[in-house]
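Below is coords_22.pdb, which holds PDB, C-alpha atoms.
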```
ATOM      1  CA  MET P 653      52.407 -73.596 -92.136
ATOM      2  CA  SER P 654      51.262 -74.290 -95.660
ATOM      3  CA  GLY P 655      53.420 -73.330 -98.624
ATOM      4  CA  ALA P 656      50.788 -70.769 -99.686
ATOM      5  CA  GLN P 657      51.088 -68.737 -96.483
ATOM      6  CA  LYS P 658      53.502 -65.846 -96.570
ATOM      7  CA  ARG P 659      55.971 -65.722 -93.706
ATOM      8  CA  LYS P 660      55.728 -62.711 -91.411
ATOM      9  CA  ILE P 661      59.291 -63.137 -90.149
ATOM     10  CA  LYS P 662      62.501 -62.720 -92.051
ATOM     11  CA  ALA P 663      66.067 -62.990 -90.793
ATOM     12  CA  ALA P 664      69.583 -62.171 -91.908
ATOM     13  CA  ILE P 665      72.801 -63.538 -90.426
ATOM     14  CA  VAL P 666      75.796 -61.303 -89.747
ATOM     15  CA  PRO P 667      78.905 -63.298 -88.703
ATOM     16  CA  VAL P 668      80.810 -61.246 -86.107
ATOM     17  CA  THR P 669      84.055 -61.388 -84.142
ATOM     18  CA  PRO P 670      86.968 -63.725 -84.860
ATOM     19  CA  PHE P 671      84.690 -66.482 -83.512
ATOM     20  CA  GLU P 672      82.387 -65.850 -86.515
ATOM     21  CA  GLN P 673      79.380 -65.959 -84.205
ATOM     22  CA  ASN P 674      76.046 -65.586 -85.984
ATOM     23  CA  CYS P 675      74.473 -62.293 -84.990
ATOM     24  CA  THR P 676      70.922 -62.338 -86.334
ATOM     25  CA  LEU P 677      68.724 -59.539 -87.599
ATOM     26  CA  ILE P 678      65.082 -60.592 -87.388
ATOM     27  CA  TRP P 679      62.044 -58.594 -88.395
ATOM     28  CA  ASN P 680      58.350 -58.534 -89.157
ATOM     29  CA  THR P 681      58.089 -58.309 -92.955
ATOM     30  CA  GLU P 682      54.895 -56.253 -92.730
ATOM     31  CA  THR P 683      56.305 -53.497 -90.501
ATOM     32  CA  MET P 684      60.089 -53.872 -90.989
ATOM     33  CA  THR P 685      60.455 -53.603 -87.200
ATOM     34  CA  GLY P 686      62.538 -56.132 -85.380
ATOM     35  CA  ALA P 687      65.551 -56.930 -83.250
ATOM     36  CA  VAL P 688      69.232 -57.689 -83.281
ATOM     37  CA  ILE P 689      69.965 -61.040 -81.665
ATOM     38  CA  ASP P 690      73.362 -61.618 -80.014
ATOM     39  CA  PRO P 691      75.493 -58.699 -81.216
ATOM     40  CA  GLY P 692      78.843 -60.072 -80.065
ATOM     41  CA  GLY P 693      80.981 -57.356 -81.615
ATOM     42  CA  ASP P 694      81.861 -55.695 -84.910
ATOM     43  CA  VAL P 695      79.156 -53.082 -84.333
ATOM     44  CA  PRO P 696      79.926 -51.100 -87.535
ATOM     45  CA  GLN P 697      79.331 -54.276 -89.568
ATOM     46  CA  ILE P 698      76.005 -54.874 -87.770
ATOM     47  CA  LEU P 699      74.956 -51.260 -88.379
ATOM     48  CA  ASP P 700      75.748 -51.648 -92.093
ATOM     49  CA  ALA P 701      73.584 -54.792 -92.262
ATOM     50  CA  ILE P 702      70.716 -53.006 -90.483
ATOM     51  CA  LYS P 703      70.910 -50.211 -93.052
ATOM     52  CA  GLN P 704      71.039 -52.649 -95.998
ATOM     53  CA  VAL P 705      67.930 -54.469 -94.758
ATOM     54  CA  GLY P 706      66.064 -51.273 -93.894
ATOM     55  CA  LEU P 707      65.353 -52.612 -90.412
ATOM     56  CA  LYS P 708      63.809 -50.442 -87.703
ATOM     57  CA  VAL P 709      65.452 -51.944 -84.610
ATOM     58  CA  GLU P 710      63.215 -51.902 -81.545
ATOM     59  CA  LYS P 711      65.457 -53.902 -79.200
ATOM     60  CA  ILE P 712      68.461 -56.138 -78.756
ATOM     61  CA  VAL P 713      67.843 -59.698 -77.588
ATOM     62  CA  LEU P 714      70.489 -61.894 -75.970
ATOM     63  CA  THR P 715      70.310 -65.694 -75.871
ATOM     64  CA  HIS P 716      73.130 -66.073 -73.332
ATOM     65  CA  GLY P 717      76.018 -64.187 -71.763
ATOM     66  CA  HIS P 718      79.133 -65.421 -73.581
ATOM     67  CA  LEU P 719      81.393 -62.650 -74.879
ATOM     68  CA  ASP P 720      80.902 -63.514 -78.560
ATOM     69  CA  HIS P 721      77.142 -63.012 -78.119
ATOM     70  CA  VAL P 722      77.079 -59.889 -75.924
ATOM     71  CA  GLY P 723      80.374 -58.019 -76.480
ATOM     72  CA  GLY P 724      78.802 -55.381 -78.746
ATOM     73  CA  ALA P 725      75.369 -55.198 -77.095
ATOM     74  CA  ASN P 726      75.829 -52.072 -74.985
ATOM     75  CA  GLU P 727      77.530 -50.102 -77.770
ATOM     76  CA  LEU P 728      74.823 -51.075 -80.249
ATOM     77  CA  ALA P 729      72.016 -50.322 -77.780
ATOM     78  CA  GLN P 730      73.482 -46.896 -77.075
ATOM     79  CA  THR P 731      73.988 -46.146 -80.780
ATOM     80  CA  LEU P 732      70.438 -47.177 -81.685
ATOM     81  CA  GLY P 733      68.739 -45.882 -78.521
ATOM     82  CA  VAL P 734      67.137 -49.248 -77.727
ATOM     83  CA  LYS P 735      66.973 -51.575 -74.728
ATOM     84  CA  ILE P 736      68.549 -54.990 -74.201
ATOM     85  CA  GLU P 737      66.394 -58.003 -73.253
ATOM     86  CA  GLY P 738      67.694 -61.348 -71.997
ATOM     87  CA  PRO P 739      69.331 -63.589 -71.199
ATOM     88  CA  HIS P 740      68.406 -65.267 -67.916
ATOM     89  CA  GLU P 741      69.883 -63.538 -64.865
ATOM     90  CA  ALA P 742      72.046 -66.611 -64.213
ATOM     91  CA  ASP P 743      74.400 -65.299 -66.943
ATOM     92  CA  LYS P 744      74.930 -61.879 -65.345
ATOM     93  CA  PHE P 745      78.360 -62.945 -64.070
ATOM     94  CA  LEU P 746      79.426 -63.737 -67.647
ATOM     95  CA  MET P 747      78.140 -60.400 -68.921
ATOM     96  CA  ASP P 748      80.030 -58.597 -66.153
ATOM     97  CA  GLY P 749      83.297 -60.288 -67.202
ATOM     98  CA  VAL P 750      83.313 -59.773 -70.973
ATOM     99  CA  GLU P 751      86.158 -57.250 -71.050
ATOM    100  CA  LYS P 752      88.435 -59.474 -68.949
ATOM    101  CA  GLN P 753      87.602 -62.553 -71.050
ATOM    102  CA  ALA P 754      88.191 -60.625 -74.281
ATOM    103  CA  ARG P 755      91.641 -59.529 -73.122
ATOM    104  CA  GLY P 756      92.438 -63.198 -72.458
ATOM    105  CA  TYR P 757      91.686 -63.950 -76.113
ATOM    106  CA  GLY P 758      93.544 -60.855 -77.335
ATOM    107  CA  LEU P 759      90.283 -59.261 -78.525
ATOM    108  CA  VAL P 760      89.627 -55.529 -78.387
ATOM    109  CA  GLY P 761      86.403 -53.544 -78.497
ATOM    110  CA  MET P 762      84.215 -56.001 -76.581
ATOM    111  CA  LYS P 763      82.522 -54.505 -73.529
ATOM    112  CA  ASN P 764      80.703 -55.837 -70.500
ATOM    113  CA  ALA P 765      76.976 -56.067 -71.183
ATOM    114  CA  THR P 766      73.986 -54.933 -69.160
ATOM    115  CA  SER P 767      70.460 -56.227 -69.617
ATOM    116  CA  ASP P 768      67.481 -53.928 -69.200
ATOM    117  CA  ARG P 769      65.272 -56.985 -68.748
ATOM    118  CA  PHE P 770      66.522 -60.394 -67.705
ATOM    119  CA  MET P 771      64.027 -63.089 -68.687
ATOM    120  CA  ALA P 772      62.991 -66.461 -67.351
ATOM    121  CA  GLU P 773      61.053 -69.541 -68.423
ATOM    122  CA  GLY P 774      57.450 -68.651 -69.169
ATOM    123  CA  ASP P 775      58.054 -64.970 -69.898
ATOM    124  CA  ALA P 776      56.687 -63.532 -73.113
ATOM    125  CA  MET P 777      58.648 -61.405 -75.550
ATOM    126  CA  THR P 778      57.747 -59.722 -78.809
ATOM    127  CA  ILE P 779      59.809 -58.868 -81.844
ATOM    128  CA  GLY P 780      58.131 -56.647 -84.406
ATOM    129  CA  GLY P 781      54.797 -57.282 -82.691
ATOM    130  CA  LEU P 782      55.167 -61.059 -83.064
ATOM    131  CA  ALA P 783      55.011 -63.149 -79.874
ATOM    132  CA  PHE P 784      57.839 -65.401 -78.723
ATOM    133  CA  ASP P 785      57.728 -67.869 -75.829
ATOM    134  CA  VAL P 786      60.789 -67.911 -73.576
ATOM    135  CA  PHE P 787      62.403 -71.184 -72.482
ATOM    136  CA  HIS P 788      65.277 -71.453 -69.995
ATOM    137  CA  CYS P 789      67.722 -74.014 -71.403
ATOM    138  CA  PRO P 790      70.766 -74.149 -69.113
ATOM    139  CA  GLY P 791      73.645 -76.235 -70.360
ATOM    140  CA  HIS P 792      75.703 -74.232 -72.800
ATOM    141  CA  SER P 793      75.594 -71.550 -70.117
ATOM    142  CA  THR P 794      73.575 -71.359 -66.914
ATOM    143  CA  GLY P 795      71.413 -68.574 -68.340
ATOM    144  CA  SER P 796      70.830 -69.747 -71.911
ATOM    145  CA  LEU P 797      67.385 -68.901 -73.255
ATOM    146  CA  VAL P 798      65.554 -70.061 -76.362
ATOM    147  CA  TYR P 799      62.852 -67.879 -77.942
ATOM    148  CA  VAL P 800      60.127 -69.628 -79.968
ATOM    149  CA  ASN P 801      57.447 -68.259 -82.269
ATOM    150  CA  LYS P 802      55.143 -71.225 -82.896
ATOM    151  CA  ASP P 803      53.075 -69.607 -85.650
ATOM    152  CA  GLU P 804      56.145 -68.902 -87.782
ATOM    153  CA  ARG P 805      57.898 -72.094 -86.671
ATOM    154  CA  ILE P 806      61.097 -70.301 -85.744
ATOM    155  CA  ALA P 807      63.372 -70.645 -82.734
ATOM    156  CA  LEU P 808      66.190 -68.327 -81.740
ATOM    157  CA  VAL P 809      68.551 -70.669 -79.929
ATOM    158  CA  GLY P 810      71.968 -69.017 -79.620
ATOM    159  CA  ASP P 811      74.358 -71.900 -79.007
ATOM    160  CA  VAL P 812      71.792 -74.373 -77.640
ATOM    161  CA  LEU P 813      71.561 -77.440 -79.862
TER     162      LEU P 813
END
```
Target encoding structure tokens, full file:
Amino acid sequence: MSGAQKRKIKAAIVPVTPFEQNCTLIWNTETMTGAVIDPGGDVPQILDAIKQVGLKVEKIVLTHGHLDHVGGANELAQTLGVKIEGPHEADKFLMDGVEKQARGYGLVGMKNATSDRFMAEGDAMTIGGLAFDVFHCPGHSTGSLVYVNKDERIALVGDVL
């Protein structure tokens, strides 16, 4: 991308939970529609950030099933009236155990998460009308996914390095 081209994607980071996990708001700058990536908790804080940005949230996207990435997903999806996409189905067992894991850490307010659409390598996904390729990158968790928009040269990686 040349320096003269204007980016169509913008993002804002919202650190959430005592883990200070980076929940990401990402949107198309032309339409202000986008997604919340990995809402691990602290839903009121995420909602405040959405309002500050002026984001029209069309979906929630999960990179993997660890509690600090999914613990607020269902509450946020219900509040906003949107669906949850991702991660790979291999992380369903993690998403089903969030509440138990959270109790083990002494955390409150995190809930088990449910995906409306598990994804796999080769699937396509859009955020704000912009296309993202889906890559299955097991390692950090068995169901970790990475989402890549080649035109904007951006990757949503969760905890995959």
**OP:** Extract, using only C-alpha atoms, all DNA, RNA and protein residues at most 10 Å from Ala742 of chain P, discarding same-chain residues fewer than 5 positions from it, and format them as an MDAnalysis selection string.
**Re:** chainID P and resid 716:717 747 770:772 790 793:796
**OP:** For the file shown, report as a ChimeraX atom specification the outcome of the PyMOL selection byres ((chain P and resi 661-669) around 6) at residue level.
**Re:** /P:659-660,670-681,693-694
Subject >> Atom-to-atom span, atom CA of Ala729 of chain P and atom CA of Cys789 of chain P, Å >> reply: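 Calculated distance between atom CA of Ala729 of chain P and atom CA of Cys789 of chain P is 24.9 Å.
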Original post:
Which is closest to Glu727 of chain P among P:Glu773, P:Ile712, P:Thr778, P:Val786, if we use all atoms listed in the file?
Top reply: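 The shortest atom-to-atom distance to Glu727 of chain P comes from P:Ile712.
Using all atoms listed in the file, the shortest contact distance between Gln753 of chain P and any of P:Leu719, P:Ala783, P:Ala701, P:Val812 is found at P:Leu719.
What separates atom CA of Leu728 of chain P from atom CA of Gly761 of chain P is a distance of 12.0 Å.
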**OP:** Could you tell me which residues the PyMOL selection byres ((chain P and resi 714) around 6) grabs in this file, written as a VMD selection string?
**Re:** chain P and resid 689 to 690 713 715 to 716 738 to 739
Please save C-alpha atoms of the selected residues as a PDB file, in the coordinates of the input.
```pdb
ATOM      1  CA  ILE P 689      69.965 -61.040 -81.665  1.00  0.00           C
ATOM      2  CA  ASP P 690      73.362 -61.618 -80.014  1.00  0.00           C
ATOM      3  CA  VAL P 713      67.843 -59.698 -77.588  1.00  0.00           C
ATOM      4  CA  THR P 715      70.310 -65.694 -75.871  1.00  0.00           C
ATOM      5  CA  HIS P 716      73.130 -66.073 -73.332  1.00  0.00           C
ATOM      6  CA  GLY P 738      67.694 -61.348 -71.997  1.00  0.00           C
ATOM      7  CA  PRO P 739      69.331 -63.589 -71.199  1.00  0.00           C
TER       8      PRO P 739
END
```
**OP:** Evaluate the PyMOL selection byres ((chain P and resi 767) around 6) on the structure here and hand back the selected residues as a list in words.
**Re:** Ile736, Glu737, Thr766, Asp768 and Arg769 of chain P
Original post:
Quick one, how far is atom CA of Val722 of chain P from atom CA of Asn764 of chain P?
Top reply: 7.7 Å
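Closest to Phe787 of chain P among P:Lys763, P:Glu804, P:His740, P:Asp720 is P:His740, based on all atoms listed in the file.
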**OP:** Find, counting only C-alpha atoms, the residue in P:Gly733, P:Gly780, P:Gly749, P:Gly724 that gets nearest to Pro696 of chain P.
**Re:**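 Among the listed residues, the smallest separation from Pro696 of chain P belongs to P:Gly724.
In this comparison, which uses only C-alpha atoms, the residue of P:Lys711, P:Lys703, P:His721, P:Lys658 approaching Thr685 of chain P most closely is P:Lys711.
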Original post:
Pick the closest to Asp743 of chain P from P:Arg805, P:His788, P:His718, P:Arg755: which is it, counting only C-alpha atoms?
Top reply: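 The answer is P:His718, which sits nearest to Asp743 of chain P.
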